[in-house]
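Q: Supplied structure: input.cif, mmCIF, C-alpha atoms.
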```
data_final
#
loop_
_atom_site.label_atom_id
_atom_site.label_comp_id
_atom_site.auth_asym_id
_atom_site.auth_seq_id
_atom_site.Cartn_x
_atom_site.Cartn_y
_atom_site.Cartn_z
CA MET G 1 11.80 95.22 -81.76
CA MET G 2 14.32 97.23 -83.72
CA VAL G 3 16.11 100.37 -82.57
CA SER G 4 16.28 103.03 -85.25
CA PRO G 5 19.34 105.22 -85.34
CA PRO G 6 18.97 109.01 -85.17
CA ASP G 7 17.77 110.39 -88.47
CA PHE G 8 21.10 111.38 -89.96
CA THR G 9 20.84 113.35 -93.15
CA PRO G 10 24.05 112.75 -95.09
CA THR G 11 24.39 116.37 -96.19
CA GLU G 12 24.02 117.62 -92.65
CA PHE G 13 25.80 115.01 -90.63
CA ARG G 14 27.35 111.67 -91.35
CA PRO G 15 28.04 109.54 -88.27
CA THR G 16 31.61 108.45 -87.82
CA ILE G 17 32.36 104.77 -87.75
CA THR G 18 33.13 105.14 -84.04
CA GLN G 19 29.65 106.52 -83.40
CA THR G 20 28.12 103.77 -85.51
CA VAL G 21 30.03 100.97 -83.77
CA HIS G 22 29.05 102.45 -80.41
CA ALA G 23 25.38 102.64 -81.42
CA VAL G 24 25.40 99.05 -82.62
CA ARG G 25 27.12 97.88 -79.44
CA THR G 26 24.52 99.69 -77.33
CA ALA G 27 21.68 98.12 -79.29
CA GLU G 28 23.31 94.68 -78.93
CA LYS G 29 23.74 95.08 -75.16
CA SER G 30 20.11 96.09 -74.80
CA GLY G 31 19.12 92.89 -76.58
CA LEU G 32 17.46 94.81 -79.38
CA GLY G 33 18.22 94.72 -83.06
CA PHE G 34 19.56 97.68 -84.99
CA ASP G 35 17.77 99.08 -87.99
CA PHE G 36 20.39 100.35 -90.38
CA GLY G 37 17.88 101.68 -92.87
CA PRO G 38 18.34 101.81 -96.61
CA TYR G 39 21.69 103.19 -97.75
CA PRO G 40 22.30 102.44 -101.40
CA ILE G 41 26.03 103.00 -101.73
CA ASN G 42 26.86 99.34 -101.12
CA GLU G 43 23.85 97.74 -102.74
CA ARG G 44 26.04 95.95 -105.28
CA ILE G 45 28.05 94.38 -102.47
CA PHE G 46 24.90 93.18 -100.69
CA ARG G 47 23.74 91.60 -103.94
CA LEU G 48 27.10 89.86 -104.31
CA LEU G 49 26.95 88.52 -100.77
CA ALA G 50 23.45 87.20 -101.43
CA GLU G 51 24.74 85.41 -104.54
CA PHE G 52 27.69 83.92 -102.63
CA LYS G 53 25.18 82.11 -100.41
CA SER G 54 24.28 79.91 -103.37
CA LEU G 55 27.85 78.77 -104.05
CA LYS G 56 28.35 75.06 -103.38
CA GLU G 57 31.44 73.05 -102.50
CA ASN G 58 33.92 73.02 -105.40
CA TRP G 59 32.30 76.12 -106.90
CA ASP G 60 35.52 76.98 -108.76
CA GLU G 61 36.06 73.39 -109.96
CA ASP G 62 39.35 73.39 -108.08
CA GLY G 63 38.10 72.25 -104.71
CA ALA G 64 37.05 75.61 -103.25
CA LEU G 65 34.96 75.33 -100.10
CA ALA G 66 31.49 76.83 -100.12
CA PRO G 67 31.47 80.22 -98.39
CA SER G 68 30.87 79.78 -94.69
CA PRO G 69 27.44 81.10 -93.58
CA SER G 70 29.09 82.79 -90.60
CA ALA G 71 31.63 84.47 -92.89
CA ILE G 72 28.84 85.81 -95.08
CA LEU G 73 26.88 87.01 -92.04
CA GLN G 74 29.92 88.80 -90.62
CA ALA G 75 30.60 90.40 -94.00
CA GLU G 76 26.99 91.59 -94.23
CA ASN G 77 27.20 93.09 -90.75
CA LEU G 78 30.43 94.84 -91.65
CA ILE G 79 28.95 96.29 -94.84
CA ARG G 80 25.98 97.60 -92.85
CA LEU G 81 28.34 99.33 -90.46
CA LEU G 82 30.38 100.76 -93.31
CA GLN G 83 27.47 102.07 -95.28
CA ARG G 84 25.95 103.58 -92.16
CA ALA G 85 29.17 105.61 -91.98
CA GLY G 86 29.03 106.40 -95.71
CA GLU G 87 31.99 104.17 -96.53
CA LYS G 88 31.83 102.69 -100.03
CA VAL G 89 33.19 99.17 -100.46
CA PHE G 90 35.31 98.46 -103.54
CA HIS G 91 34.53 94.77 -103.81
CA ALA G 92 33.64 91.56 -102.03
CA ALA G 93 34.70 88.11 -103.18
CA PRO G 94 34.63 84.54 -101.95
CA GLY G 95 37.89 82.68 -101.42
CA PRO G 96 38.86 79.04 -101.78
CA ASN G 97 38.85 78.30 -98.04
CA GLY G 98 35.26 79.31 -97.27
CA GLU G 99 36.25 82.90 -96.62
CA ILE G 100 34.70 86.19 -97.76
CA MET G 101 36.96 89.09 -98.61
CA VAL G 102 35.79 92.68 -98.30
CA ASP G 103 38.05 95.17 -100.06
CA LEU G 104 38.08 98.91 -99.40
CA ARG G 105 40.27 101.23 -101.48
CA LYS G 106 41.14 104.88 -101.16
CA ASN G 107 43.90 107.02 -102.66
CA GLY G 108 46.03 104.05 -103.67
CA LYS G 109 45.67 102.30 -100.31
CA SER G 110 43.67 99.14 -99.77
CA LEU G 111 42.15 97.37 -96.81
CA GLU G 112 41.22 93.72 -97.17
CA ILE G 113 39.02 92.37 -94.41
CA LEU G 114 38.78 88.59 -94.52
CA PHE G 115 36.11 86.57 -92.78
CA TYR G 116 37.08 82.92 -92.47
CA PRO G 117 34.82 80.25 -90.97
CA THR G 118 36.58 80.54 -87.60
CA LYS G 119 38.58 83.77 -87.66
CA ALA G 120 38.81 87.20 -89.23
CA ARG G 121 41.78 89.20 -90.45
CA VAL G 122 42.55 92.57 -91.89
CA VAL G 123 45.44 93.38 -94.20
CA LYS G 124 46.52 96.97 -94.78
CA PHE G 125 48.10 97.51 -98.20
CA PRO G 126 49.87 100.88 -98.13
CA ILE G 127 50.90 102.86 -101.20
CA ALA G 128 54.52 102.02 -100.46
CA GLY G 129 56.09 99.66 -97.98
CA LEU G 130 55.03 96.30 -96.68
CA PRO G 131 51.41 95.35 -95.96
CA VAL G 132 50.46 94.45 -92.41
CA GLN G 133 48.18 91.56 -91.44
CA GLN G 134 46.40 91.31 -88.08
CA ASP G 135 43.35 89.73 -86.47
CA PHE G 136 40.17 91.69 -87.10
CA HIS G 137 37.24 92.68 -84.93
CA ASN G 138 34.77 95.51 -85.42
CA ASP G 139 36.36 97.65 -82.71
CA LEU G 140 39.34 98.06 -85.04
CA LEU G 141 37.23 99.81 -87.67
CA PRO G 142 37.79 103.41 -86.50
CA GLU G 143 41.55 102.90 -86.49
CA ILE G 144 41.86 101.12 -89.82
CA LEU G 145 39.46 103.46 -91.62
CA LYS G 146 41.41 106.41 -90.28
CA TRP G 147 44.54 104.83 -91.77
CA LEU G 148 42.75 104.32 -95.10
CA HIS G 149 41.68 107.96 -95.31
CA GLU G 150 44.94 109.55 -94.10
CA MET J 1 58.03 65.85 -103.42
CA SER J 2 60.80 66.01 -105.96
CA ASN J 3 64.09 67.58 -104.91
CA ASP J 4 65.42 68.00 -108.41
CA ARG J 5 63.01 70.67 -109.54
CA LEU J 6 64.78 73.60 -111.12
CA PRO J 7 64.10 77.27 -110.32
CA VAL J 8 62.24 79.21 -112.99
CA ASP J 9 64.17 82.18 -114.36
CA SER J 10 63.21 85.58 -113.00
CA THR J 11 62.50 86.89 -116.52
CA GLU J 12 59.83 84.28 -117.22
CA TRP J 13 56.13 85.15 -117.09
CA LEU J 14 53.78 82.82 -115.25
CA TYR J 15 50.15 82.01 -115.93
CA ARG J 16 47.72 81.51 -113.08
CA ARG J 17 44.28 80.22 -113.96
CA SER J 18 41.14 81.00 -112.00
CA TYR J 19 37.44 80.46 -112.26
CA PHE J 20 35.51 82.85 -114.46
CA ASN J 21 31.88 81.83 -114.33
CA PRO J 22 30.47 84.03 -112.96
CA GLU J 23 33.51 86.23 -113.40
CA LYS J 24 32.89 88.34 -110.34
CA ASN J 25 34.04 85.50 -108.16
CA TYR J 26 37.74 86.08 -108.80
CA LEU J 27 37.75 89.41 -110.66
CA ASN J 28 37.73 92.89 -109.23
CA PRO J 29 35.36 95.39 -110.84
CA ASP J 30 38.34 96.99 -112.60
CA GLY J 31 39.32 93.68 -114.22
CA THR J 32 42.26 92.97 -111.92
CA ALA J 33 42.69 89.79 -109.91
CA THR J 34 41.39 89.57 -106.36
CA SER J 35 43.86 88.38 -103.79
CA ARG J 36 41.91 85.11 -103.66
CA VAL J 37 43.36 84.11 -107.03
CA PHE J 38 46.71 83.57 -105.32
CA LYS J 39 45.43 82.23 -102.01
CA LEU J 40 46.69 78.79 -101.02
CA ARG J 41 44.24 76.07 -100.11
CA GLU J 42 44.82 72.97 -97.98
CA LYS J 43 45.08 70.63 -100.95
CA ASP J 44 47.90 72.73 -102.43
CA ASN J 45 50.31 71.52 -99.73
CA GLY J 46 52.05 74.88 -99.84
CA GLU J 47 52.54 74.87 -103.61
CA LEU J 48 50.60 77.28 -105.79
CA SER J 49 50.21 75.95 -109.32
CA VAL J 50 51.21 78.11 -112.29
CA ASP J 51 52.33 77.54 -115.88
CA VAL J 52 55.51 78.94 -117.40
CA LYS J 53 54.32 81.14 -120.27
CA SER J 54 57.24 80.36 -122.60
CA LEU J 55 56.47 76.63 -122.38
CA THR J 56 52.78 76.79 -123.20
CA THR J 57 50.09 78.84 -124.92
CA PRO J 58 47.21 80.74 -123.32
CA ALA J 59 44.76 78.29 -124.90
CA ASN J 60 46.56 75.28 -123.44
CA SER J 61 46.96 76.89 -120.04
CA ILE J 62 43.37 78.00 -119.70
CA GLY J 63 41.80 74.74 -120.87
CA ASP J 64 38.13 75.65 -120.99
CA ALA J 65 37.90 79.39 -121.75
CA SER J 66 34.17 79.38 -121.08
CA LYS J 67 34.87 78.61 -117.43
CA PHE J 68 38.29 79.97 -116.64
CA ILE J 69 40.29 83.17 -116.88
CA LEU J 70 44.04 83.60 -117.08
CA PHE J 71 46.26 86.04 -115.23
CA GLU J 72 49.97 86.52 -115.85
CA ILE J 73 52.68 87.68 -113.50
CA LEU J 74 56.39 88.23 -114.02
CA ASN J 75 58.36 85.72 -112.01
CA GLN J 76 60.59 88.51 -110.67
CA SER J 77 57.49 89.87 -108.91
CA VAL J 78 57.11 86.48 -107.24
CA LEU J 79 60.76 86.32 -106.23
CA ASP J 80 60.50 89.86 -104.84
CA GLN J 81 58.12 88.46 -102.20
CA ASP J 82 60.78 86.04 -100.94
CA LEU J 83 59.02 83.21 -102.73
CA SER J 84 60.47 80.69 -105.17
CA THR J 85 59.13 79.29 -108.41
CA LEU J 86 60.13 75.75 -109.31
CA HIS J 87 59.55 73.99 -112.60
CA ALA J 88 57.41 70.95 -111.80
CA PRO J 89 56.20 69.32 -115.03
CA CYS J 90 53.16 67.07 -114.77
CA THR J 91 53.46 63.66 -116.36
CA THR J 92 50.93 61.02 -117.27
CA GLU J 93 52.64 58.50 -115.01
CA THR J 94 52.51 60.66 -111.90
CA HIS J 95 49.61 63.03 -112.45
CA GLY J 96 47.49 61.31 -115.07
CA PHE J 97 48.06 64.07 -117.60
CA GLU J 98 50.89 65.89 -119.35
CA ASN J 99 51.75 69.49 -118.60
CA PRO J 100 55.40 70.27 -119.34
CA SER J 101 54.89 73.95 -118.45
CA HIS J 102 53.67 73.35 -114.91
CA ALA J 103 55.52 75.08 -112.08
CA VAL J 104 54.83 75.82 -108.43
CA ILE J 105 55.28 78.92 -106.31
CA VAL J 106 56.59 77.86 -102.91
CA GLY J 107 57.32 79.65 -99.66
CA MET J 108 53.83 80.90 -98.94
CA ASP J 109 51.90 79.87 -95.84
CA ILE J 110 48.18 79.13 -95.86
CA GLU J 111 47.75 81.62 -92.99
CA ASP J 112 49.40 84.34 -95.08
CA ASP J 113 46.99 86.92 -96.51
CA VAL J 114 49.67 89.46 -97.40
CA LYS J 115 51.47 87.67 -100.22
CA PRO J 116 48.32 86.63 -102.12
CA GLY J 117 47.33 90.29 -102.15
CA LEU J 118 50.75 91.44 -103.31
CA LEU J 119 50.84 88.87 -106.10
CA ALA J 120 47.34 89.81 -107.25
CA ARG J 121 48.36 93.45 -107.45
CA LYS J 122 51.28 92.52 -109.70
CA ALA J 123 49.23 90.26 -111.97
CA ARG J 124 47.30 91.26 -115.07
CA LYS J 125 44.54 89.63 -117.03
CA VAL J 126 45.56 87.83 -120.21
CA HIS J 127 43.56 88.75 -123.29
CA PHE J 128 43.83 86.39 -126.22
#
```
Let me see the structure of the file written as structure tokens.

A:
Amino acid sequence: MMVSPPDFTPTEFRPTITQTVHAVRTAEKSGLGFDFGPYPINERIFRLLAEFKSLKENWDEDGALAPSPSAILQAENLIRLLQRAGEKVFHAAPGPNGEIMVDLRKNGKSLEILFYPTKARVVKFPIAGLPVQQDFHNDLLPEILKWLHE
Amino acid sequence: MSNDRLPVDSTEWLYRRSYFNPEKNYLNPDGTATSRVFKLREKDNGELSVDVKSLTTPANSIGDASKFILFEILNQSVLDQDLSTLHAPCTTETHGFENPSHAVIVGMDIEDDVKPGLLARKARKVHF
């Protein structure tokens, strides 16, 4: 059984990422799935992620590892969260170590969220100054998206 | 590992090759490099391969243009990240092929996801 979120109409009310994360957490705790519904703003990214599933070992002819299934799954879940909050993703790309990178950009700033086979990281690239790298988990989303939009 | 490798001058441009087919794998939608172009992998042993532009041609550096794409970056942009670039020519005896323009960027860690992103943002696609 799937739990449908409240019927948010984008022009009337767009849920914040905090509300979305909370709703997903609640659905997870109840043991039920979460129906994100169709939100087209990140359709291209979903298509890319689907294509990355077909990449094999050495897909770049330089020894790149095939994207890890768990990395792709985590990236898909992140994109669902983001699009539920109306957040458009700039790009997603596979890396040479089995990772998936999800890149969000706004006003000259960039957030790279990297899902590796056994860990996840986020790097904040500010307009000026040094980028910051830290471990990533979904609970960080409200904070890092706030930084992106400041 | 050779100890007699010479630093590449800061004014040199460097070529970094990446896979192009399908191009979305290492290209951003705006045609710039993704950070993954400059990400180290285990087999690199901490040395990211590049070619020194003044010692080669785009055609030589790219090899098969139907499969690969070339980005270029000013070496000063590499040095600005507290990295070094060392000239490390490939020879038939050691590597099985000749590449007198080969160099390596050293000082990056495989756990580092900051520097690959910074290098990618300083790189540009080579059109030829």

Q: Please determine, counting all atoms listed in the file, which residue among G:Val123, G:Ala85, G:Ile79, G:Ala71 has the shortest atom-to-atom distance to chain J.

A: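 The shortest atom-to-atom distance to chain J comes from G:Val123.
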
Q: Using all atoms listed in the file, can you list as a PyMOL selection string the residues within 12 Å of (35.7, 94.4, -97.8)?

A: (chain G and resi 42+45-46+48-49+71-72+74-83+87-94+99-105+110-115+120-124+136+141+145) or (chain J and resi 28+34-35)

Q: What separation in Å, quoted to one decimal, exists between CA of Ala64 (chain G) and CA of Gly98 (chain G)?

A: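 Result for CA of Ala64 (chain G) versus CA of Gly98 (chain G): 7.3 Å, one decimal.
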
Q: Report the residues retrieved by the PyMOL selection byres ((chain J and resi 9-18) around 10) from the displayed file, expressed as a ChimeraX atom specification.

A: /G:60-62 /J:6-8,19-21,23,25-27,33,36-38,48-58,61-63,67-80,84-87,101-105,123-126

Q: Measuring between all atoms listed in the file, which one of J:His95, J:Lys122, J:Lys43, J:Arg5 shows the shortest distance to chain G?

A: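 Among the listed residues, J:Lys43 lies closest to chain G.
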
Q: Using CA of Ala88 (chain J) and CA of Val106 (chain J) as the two end points, give the distance in Å to one decimal.

A: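 Rounded to one decimal, the two atoms are 11.3 Å apart.
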
Q: Would you please work out which residue, of J:Ser66, J:Asn60, J:Gln81, J:Thr32, is nearest to Pro100 (chain J) when using all atoms listed in the file?

A: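 So, comparing all the options, the nearest one is J:Asn60.
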